[in-house]
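**Q** Provided below: query20.cif, containing mmCIF, C-alpha atoms.
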data_input
loop_
_atom_site.group_PDB
_atom_site.id
_atom_site.type_symbol
_atom_site.label_atom_id
_atom_site.label_comp_id
_atom_site.auth_asym_id
_atom_site.auth_seq_id
_atom_site.Cartn_x
_atom_site.Cartn_y
_atom_site.Cartn_z
ATOM 1 C CA MET A 1 0.000 0.000 0.000
ATOM 2 C CA ALA A 2 2.269 2.767 -1.286
ATOM 3 C CA ASP A 3 -0.324 5.526 -1.742
ATOM 4 C CA PRO A 4 -0.150 7.884 1.280
ATOM 5 C CA GLU A 5 -3.857 8.792 0.914
ATOM 6 C CA LEU A 6 -4.828 5.124 0.992
ATOM 7 C CA GLN A 7 -2.608 4.587 4.041
ATOM 8 C CA LEU A 8 -4.358 7.511 5.747
ATOM 9 C CA VAL A 9 -7.738 5.885 5.070
ATOM 10 C CA ALA A 10 -6.587 2.411 6.185
ATOM 11 C CA ARG A 11 -5.252 3.749 9.496
ATOM 12 C CA ARG A 12 -8.755 5.005 10.341
ATOM 13 C CA ILE A 13 -10.517 1.632 10.035
ATOM 14 C CA ARG A 14 -10.598 -0.222 13.342
ATOM 15 C CA SER A 15 -11.580 -3.779 14.126
ATOM 16 C CA PHE A 16 -13.844 -5.143 16.860
ATOM 17 C CA PRO A 17 -13.695 -8.923 17.355
ATOM 18 C CA ASP A 18 -16.905 -10.805 18.184
ATOM 19 C CA PHE A 19 -19.263 -7.969 17.207
ATOM 20 C CA PRO A 20 -22.211 -8.132 16.687
ATOM 21 C CA ILE A 21 -21.925 -11.883 17.376
ATOM 22 C CA PRO A 22 -19.068 -14.229 18.321
ATOM 23 C CA GLY A 23 -16.806 -15.053 15.391
ATOM 24 C CA VAL A 24 -17.420 -11.799 13.485
ATOM 25 C CA LEU A 25 -14.618 -9.240 13.105
ATOM 26 C CA PHE A 26 -16.442 -5.919 12.662
ATOM 27 C CA ARG A 27 -14.702 -3.239 10.558
ATOM 28 C CA ASP A 28 -15.611 0.145 12.032
ATOM 29 C CA ILE A 29 -15.484 3.281 9.853
ATOM 30 C CA SER A 30 -16.334 5.678 12.726
ATOM 31 C CA PRO A 31 -12.730 6.921 13.159
ATOM 32 C CA LEU A 32 -12.596 7.674 9.415
ATOM 33 C CA LEU A 33 -15.758 9.777 9.626
ATOM 34 C CA LYS A 34 -14.373 11.611 12.658
ATOM 35 C CA ASP A 35 -11.201 12.628 10.808
ATOM 36 C CA PRO A 36 -11.882 15.110 7.984
ATOM 37 C CA ASP A 37 -8.565 14.426 6.233
ATOM 38 C CA SER A 38 -9.163 10.660 6.115
ATOM 39 C CA PHE A 39 -12.762 11.018 4.994
ATOM 40 C CA ARG A 40 -11.774 13.525 2.303
ATOM 41 C CA ALA A 41 -9.018 11.143 1.133
ATOM 42 C CA SER A 42 -11.511 8.264 0.853
ATOM 43 C CA ILE A 43 -13.846 10.367 -1.296
ATOM 44 C CA GLN A 44 -10.989 11.626 -3.481
ATOM 45 C CA LEU A 45 -9.651 8.095 -4.010
ATOM 46 C CA LEU A 46 -13.080 6.753 -4.995
ATOM 47 C CA ALA A 47 -13.668 9.756 -7.274
ATOM 48 C CA SER A 48 -10.263 9.320 -8.913
ATOM 49 C CA HIS A 49 -11.045 5.674 -9.653
ATOM 50 C CA LEU A 50 -14.424 6.582 -11.168
ATOM 51 C CA ARG A 51 -12.960 9.385 -13.293
ATOM 52 C CA LYS A 52 -10.299 7.021 -14.689
ATOM 53 C CA THR A 53 -12.749 4.188 -15.264
ATOM 54 C CA HIS A 54 -15.816 6.022 -16.555
ATOM 55 C CA GLY A 55 -14.738 9.560 -17.455
ATOM 56 C CA GLY A 56 -17.807 11.764 -17.729
ATOM 57 C CA LYS A 57 -20.220 8.910 -18.464
ATOM 58 C CA ILE A 58 -21.834 8.683 -14.985
ATOM 59 C CA ASP A 59 -25.212 10.383 -14.558
ATOM 60 C CA TYR A 60 -25.769 9.732 -10.830
ATOM 61 C CA ILE A 61 -24.238 8.207 -7.742
ATOM 62 C CA VAL A 62 -26.618 5.878 -5.880
ATOM 63 C CA GLY A 63 -26.142 5.662 -2.099
ATOM 64 C CA LEU A 64 -27.369 2.631 -0.143
ATOM 65 C CA ASP A 65 -29.182 2.878 3.186
ATOM 66 C CA SER A 66 -27.677 3.708 5.557
ATOM 67 C CA ARG A 67 -23.900 4.098 5.555
ATOM 68 C CA GLY A 68 -23.838 4.506 1.790
ATOM 69 C CA PHE A 69 -25.604 7.797 2.536
ATOM 70 C CA LEU A 70 -22.390 9.005 4.179
ATOM 71 C CA PHE A 71 -20.301 8.381 1.072
ATOM 72 C CA GLY A 72 -22.828 8.803 -1.767
ATOM 73 C CA PRO A 73 -23.576 12.540 -1.522
ATOM 74 C CA SER A 74 -19.925 13.456 -0.867
ATOM 75 C CA LEU A 75 -18.749 11.350 -3.799
ATOM 76 C CA ALA A 76 -21.471 12.834 -6.012
ATOM 77 C CA GLN A 77 -20.398 16.373 -5.040
ATOM 78 C CA GLU A 78 -16.748 15.577 -5.739
ATOM 79 C CA LEU A 79 -17.752 14.389 -9.225
ATOM 80 C CA GLY A 80 -20.253 17.217 -9.852
ATOM 81 C CA LEU A 81 -23.196 14.788 -9.945
ATOM 82 C CA GLY A 82 -26.488 14.278 -8.179
ATOM 83 C CA CYS A 83 -27.121 11.503 -5.676
ATOM 84 C CA VAL A 84 -30.069 9.087 -5.633
ATOM 85 C CA LEU A 85 -31.009 7.153 -2.500
ATOM 86 C CA ILE A 86 -32.014 3.522 -2.111
ATOM 87 C CA ARG A 87 -33.692 2.998 1.252
ATOM 88 C CA LYS A 88 -34.955 0.202 3.405
ATOM 89 C CA GLN A 89 -38.638 -0.621 3.018
ATOM 90 C CA GLY A 90 -41.150 2.012 4.120
ATOM 91 C CA LYS A 91 -38.747 4.970 4.339
ATOM 92 C CA LEU A 92 -39.465 6.757 1.041
ATOM 93 C CA PRO A 93 -42.575 8.809 0.208
ATOM 94 C CA GLY A 94 -44.492 8.484 -3.048
ATOM 95 C CA PRO A 95 -44.622 5.578 -5.458
ATOM 96 C CA THR A 96 -41.677 3.192 -5.102
ATOM 97 C CA VAL A 97 -40.380 -0.034 -6.585
ATOM 98 C CA SER A 98 -38.812 -2.680 -4.364
ATOM 99 C CA ALA A 99 -36.480 -5.656 -4.399
ATOM 100 C CA SER A 100 -36.116 -8.354 -1.731
ATOM 101 C CA TYR A 101 -32.882 -9.877 -0.552
ATOM 102 C CA THR A 102 -31.781 -12.452 1.985
ATOM 103 C CA LEU A 103 -29.934 -11.648 5.183
ATOM 104 C CA GLU A 104 -28.252 -14.072 7.543
ATOM 105 C CA TYR A 105 -31.350 -13.877 9.749
ATOM 106 C CA GLY A 106 -34.213 -13.452 7.266
ATOM 107 C CA LYS A 107 -35.345 -11.277 4.393
ATOM 108 C CA ALA A 108 -35.362 -7.536 3.816
ATOM 109 C CA GLN A 109 -36.456 -5.144 1.084
ATOM 110 C CA LEU A 110 -34.909 -2.119 -0.565
ATOM 111 C CA GLU A 111 -36.907 0.607 -2.296
ATOM 112 C CA ILE A 112 -36.313 3.477 -4.671
ATOM 113 C CA GLN A 113 -38.753 6.148 -5.793
ATOM 114 C CA ARG A 114 -40.290 5.179 -9.111
ATOM 115 C CA ASP A 115 -39.314 8.520 -10.691
ATOM 116 C CA ALA A 116 -35.747 8.631 -9.284
ATOM 117 C CA LEU A 117 -34.135 7.697 -12.607
ATOM 118 C CA GLU A 118 -35.013 7.640 -16.278
ATOM 119 C CA PRO A 119 -34.438 4.540 -18.433
ATOM 120 C CA GLY A 120 -30.871 4.406 -19.716
ATOM 121 C CA GLU A 121 -29.349 6.697 -17.087
ATOM 122 C CA LYS A 122 -25.928 5.494 -15.987
ATOM 123 C CA VAL A 123 -25.248 5.072 -12.283
ATOM 124 C CA VAL A 124 -22.586 3.934 -9.829
ATOM 125 C CA VAL A 125 -23.726 2.307 -6.575
ATOM 126 C CA VAL A 126 -21.791 3.138 -3.391
ATOM 127 C CA ASP A 127 -21.819 1.666 0.107
ATOM 128 C CA ASP A 128 -19.348 1.661 2.966
ATOM 129 C CA LEU A 129 -18.677 -2.083 2.969
ATOM 130 C CA LEU A 130 -19.235 -5.153 0.818
ATOM 131 C CA ALA A 131 -19.697 -8.378 2.773
ATOM 132 C CA THR A 132 -21.902 -11.110 1.279
ATOM 133 C CA GLY A 133 -23.096 -8.863 -1.566
ATOM 134 C CA GLY A 134 -26.811 -9.378 -0.950
ATOM 135 C CA THR A 135 -27.706 -5.740 -0.392
ATOM 136 C CA MET A 136 -25.691 -4.465 -3.344
ATOM 137 C CA ARG A 137 -27.068 -7.221 -5.601
ATOM 138 C CA ALA A 138 -30.627 -6.239 -4.614
ATOM 139 C CA ALA A 139 -29.791 -2.593 -5.358
ATOM 140 C CA CYS A 140 -28.589 -3.548 -8.842
ATOM 141 C CA GLU A 141 -31.796 -5.514 -9.447
ATOM 142 C CA LEU A 142 -33.841 -2.564 -8.222
ATOM 143 C CA LEU A 143 -32.024 -0.203 -10.569
ATOM 144 C CA GLY A 144 -32.647 -2.673 -13.383
ATOM 145 C CA GLN A 145 -36.384 -2.387 -12.709
ATOM 146 C CA LEU A 146 -36.041 1.334 -13.509
ATOM 147 C CA GLN A 147 -33.983 0.409 -16.593
ATOM 148 C CA ALA A 148 -30.961 2.300 -15.306
ATOM 149 C CA LYS A 149 -27.512 1.065 -16.358
ATOM 150 C CA VAL A 150 -25.282 0.175 -13.403
ATOM 151 C CA LEU A 151 -21.747 0.968 -14.540
ATOM 152 C CA GLU A 152 -20.060 -0.189 -11.353
ATOM 153 C CA CYS A 153 -20.479 -0.789 -7.630
ATOM 154 C CA VAL A 154 -17.908 0.658 -5.210
ATOM 155 C CA SER A 155 -17.234 0.502 -1.494
ATOM 156 C CA LEU A 156 -14.691 1.688 0.973
ATOM 157 C CA VAL A 157 -14.117 -1.790 2.483
ATOM 158 C CA GLU A 158 -14.480 -5.304 1.066
ATOM 159 C CA LEU A 159 -14.507 -8.484 3.158
ATOM 160 C CA THR A 160 -12.971 -10.783 0.533
ATOM 161 C CA SER A 161 -13.539 -14.075 2.363
ATOM 162 C CA LEU A 162 -17.327 -13.612 2.018
ATOM 163 C CA LYS A 163 -17.039 -13.430 -1.814
ATOM 164 C CA GLY A 164 -19.659 -10.699 -2.186
ATOM 165 C CA ARG A 165 -18.237 -9.437 -5.463
ATOM 166 C CA GLU A 166 -19.189 -12.770 -7.065
ATOM 167 C CA LYS A 167 -22.885 -11.972 -6.454
ATOM 168 C CA LEU A 168 -22.501 -8.734 -8.412
ATOM 169 C CA ASP A 169 -21.176 -10.347 -11.587
ATOM 170 C CA PRO A 170 -21.349 -9.105 -14.361
ATOM 171 C CA VAL A 171 -21.403 -5.630 -12.726
ATOM 172 C CA PRO A 172 -17.822 -4.467 -12.053
ATOM 173 C CA PHE A 173 -16.867 -3.906 -8.416
ATOM 174 C CA PHE A 174 -14.121 -1.782 -6.806
ATOM 175 C CA SER A 175 -13.077 -1.337 -3.173
ATOM 176 C CA LEU A 176 -10.416 0.851 -1.618
ATOM 177 C CA LEU A 177 -9.503 -1.602 1.156
ATOM 178 C CA GLN A 178 -9.727 -5.375 1.256
ATOM 179 C CA TYR A 179 -9.743 -7.524 4.377
ATOM 180 C CA GLU A 180 -9.918 -11.313 4.634
#
Here is the file; what I need is its structure written in the form of structure tokens.
**A**
Amino acid sequence: MADPELQLVARRIRSFPDFPIPGVLFRDISPLLKDPDSFRASIQLLASHLRKTHGGKIDYIVGLDSRGFLFGPSLAQELGLGCVLIRKQGKLPGPTVSASYTLEYGKAQLEIQRDALEPGEKVVVVDDLLATGGTMRAACELLGQLQAKVLECVSLVELTSLKGREKLDPVPFFSLLQYE
């Protein structure tokens, strides 16, 4: 990890063993959010990747409920774009479309406002962390219902041992930091 900005970001991720249940190593982004230089570096690194990969072809950044809301609007601002929100069920007013996904302990639903995007608009989905990939996969399916084109999914942290990126195929995926 030679990039000093990436090192700054990595130093602000802390680990909590056995949270929320025994056997889980929780990656906490709270110190990153507390430090403006680290947070700014994370946004600039993600934006740099998206500029190199997609140039000016992105129409919107899509932030996922809830920690994707911390990165989505800031990333959108850095790129001069708008931000669209995907929320958990029952949190958005007006007509919505929804997609279900499986969690370790049951099922959940994501929703987006029906008029949030026009068919053919190009989006990038952002969240803080990719674990099993279920939430991000459901977001991609939801965006497909609106006929948006998902160019890529990005996150700050990826837990590689859970193989979440495989659930996103064929949508490209990028993360700043990878942990086993």
**Q** Quick check on the file I pasted: which residues fall under the PyMOL selection byres ((chain A and resi 106-109) around 12)? Write them as a list in words.
**A**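 Given this file, the PyMOL selection byres ((chain A and resi 106-109) around 12) evaluates to Asp65, Ile86, Arg87, Lys88, Gln89, Gly90, Lys91, Thr96, Val97, Ser98, Ala99, Ser100, Tyr101, Thr102, Leu103, Glu104, Tyr105, Leu110, Glu111, Ile112, Gly134, Thr135, Met136, Arg137, Ala138, Ala139, Glu141 and Leu142 of chain A.
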**Q** Report, in Å with one decimal, the straight-line distance from atom CA of Ala131 of chain A to atom CA of Ile43 of chain A.
**A** 20.1 Å
**Q** Check the smallest atom-to-atom distance from each of A:Leu25, A:Leu46, A:Val9, A:Val62 to Ser155 of chain A using all atoms listed in the file, then report the winner.
**A**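 Looking only at the distances to Ser155 of chain A, the closest residue turns out to be A:Leu46.
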**Q** Restricting the calculation to only C-alpha atoms: of A:Val123, A:Leu45, A:Leu92, A:Ile13, which residue gets closest to Val157 of chain A?
**A**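 Counting only C-alpha atoms, the residue closest to Val157 of chain A is A:Ile13.
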**Q** Check the smallest atom-to-atom distance from each of A:Asp115, A:Thr53, A:Val154, A:Glu78 to Pro93 of chain A using all atoms listed in the file, then report the winner.
**A**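 When distances to Pro93 of chain A are compared using all atoms listed in the file, the smallest one comes from A:Asp115.
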**Q** Excluding same-chain residues fewer than 4 positions from segment 116-122 of chain A, what lies within 7 Å of it counting all atoms listed in the file, as a list in words?
**A**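 Near segment 116-122 of chain A, the qualifying residues are Ile58, Asp59, Tyr60, Val84, Ile112, Leu146, Gln147, Ala148, Lys149, Val150 and Leu151 of chain A.
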**Q** As a compact mmCIF listing (two decimals), in the coordinates of the input, could you write out segment 47-77 of chain A once it has been completed with N, CA and C atoms?
**A**
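This went into rebuild.txt:
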# COMPACT_ATOMS: atom_id res chain seq x y z
N ALA A 47 -13.39 8.89 -6.13
CA ALA A 47 -13.67 9.76 -7.27
C ALA A 47 -12.60 9.59 -8.35
N SER A 48 -11.35 9.51 -7.95
CA SER A 48 -10.26 9.32 -8.91
C SER A 48 -10.45 8.01 -9.69
N HIS A 49 -10.79 6.95 -8.98
CA HIS A 49 -11.04 5.67 -9.65
C HIS A 49 -12.17 5.82 -10.67
N LEU A 50 -13.27 6.46 -10.27
CA LEU A 50 -14.42 6.58 -11.17
C LEU A 50 -14.12 7.47 -12.37
N ARG A 51 -13.35 8.53 -12.16
CA ARG A 51 -12.96 9.38 -13.29
C ARG A 51 -12.14 8.59 -14.31
N LYS A 52 -11.16 7.82 -13.80
CA LYS A 52 -10.30 7.02 -14.69
C LYS A 52 -11.09 5.95 -15.41
N THR A 53 -12.02 5.33 -14.72
CA THR A 53 -12.75 4.19 -15.26
C THR A 53 -13.89 4.59 -16.18
N HIS A 54 -14.60 5.68 -15.83
CA HIS A 54 -15.82 6.02 -16.56
C HIS A 54 -15.81 7.42 -17.16
N GLY A 55 -14.77 8.20 -16.91
CA GLY A 55 -14.74 9.56 -17.45
C GLY A 55 -15.98 10.32 -17.05
N GLY A 56 -16.61 10.98 -18.00
CA GLY A 56 -17.81 11.76 -17.73
C GLY A 56 -19.09 11.02 -18.06
N LYS A 57 -19.06 9.69 -18.02
CA LYS A 57 -20.22 8.91 -18.46
C LYS A 57 -21.21 8.59 -17.36
N ILE A 58 -20.93 8.98 -16.11
CA ILE A 58 -21.83 8.68 -14.98
C ILE A 58 -22.87 9.79 -14.88
N ASP A 59 -24.15 9.40 -14.76
CA ASP A 59 -25.21 10.38 -14.56
C ASP A 59 -25.48 10.65 -13.07
N TYR A 60 -25.47 9.59 -12.26
CA TYR A 60 -25.77 9.73 -10.83
C TYR A 60 -24.98 8.73 -10.00
N ILE A 61 -24.74 9.12 -8.76
CA ILE A 61 -24.24 8.21 -7.74
C ILE A 61 -25.46 7.73 -6.96
N VAL A 62 -25.52 6.44 -6.66
CA VAL A 62 -26.62 5.88 -5.88
C VAL A 62 -26.07 5.42 -4.54
N GLY A 63 -26.58 6.02 -3.45
CA GLY A 63 -26.14 5.66 -2.10
C GLY A 63 -27.11 4.69 -1.45
N LEU A 64 -26.55 3.66 -0.78
CA LEU A 64 -27.37 2.63 -0.14
C LEU A 64 -27.57 2.92 1.35
N ASP A 65 -28.78 2.70 1.79
CA ASP A 65 -29.18 2.88 3.19
C ASP A 65 -28.38 1.93 4.06
N SER A 66 -27.75 2.36 5.07
CA SER A 66 -27.68 3.71 5.56
C SER A 66 -26.28 4.31 5.44
N ARG A 67 -25.25 3.50 5.58
CA ARG A 67 -23.90 4.10 5.56
C ARG A 67 -23.45 4.51 4.16
N GLY A 68 -24.10 4.00 3.13
CA GLY A 68 -23.84 4.51 1.79
C GLY A 68 -24.28 5.95 1.64
N PHE A 69 -25.17 6.39 2.54
CA PHE A 69 -25.60 7.80 2.54
C PHE A 69 -24.48 8.72 2.99
N LEU A 70 -23.52 8.20 3.72
CA LEU A 70 -22.39 9.01 4.18
C LEU A 70 -21.41 9.26 3.05
N PHE A 71 -21.26 8.27 2.16
CA PHE A 71 -20.30 8.38 1.07
C PHE A 71 -20.93 8.86 -0.23
N GLY A 72 -22.17 8.47 -0.50
CA GLY A 72 -22.83 8.80 -1.77
C GLY A 72 -22.89 10.28 -2.09
N PRO A 73 -23.48 11.11 -1.21
CA PRO A 73 -23.58 12.54 -1.52
C PRO A 73 -22.21 13.22 -1.65
N SER A 74 -21.26 12.84 -0.79
CA SER A 74 -19.92 13.46 -0.87
C SER A 74 -19.22 13.07 -2.16
N LEU A 75 -19.35 11.82 -2.55
CA LEU A 75 -18.75 11.35 -3.80
C LEU A 75 -19.42 12.04 -4.99
N ALA A 76 -20.74 12.15 -4.94
CA ALA A 76 -21.47 12.83 -6.01
C ALA A 76 -21.01 14.28 -6.13
N GLN A 77 -20.87 14.99 -5.02
CA GLN A 77 -20.40 16.37 -5.04
C GLN A 77 -19.00 16.49 -5.63
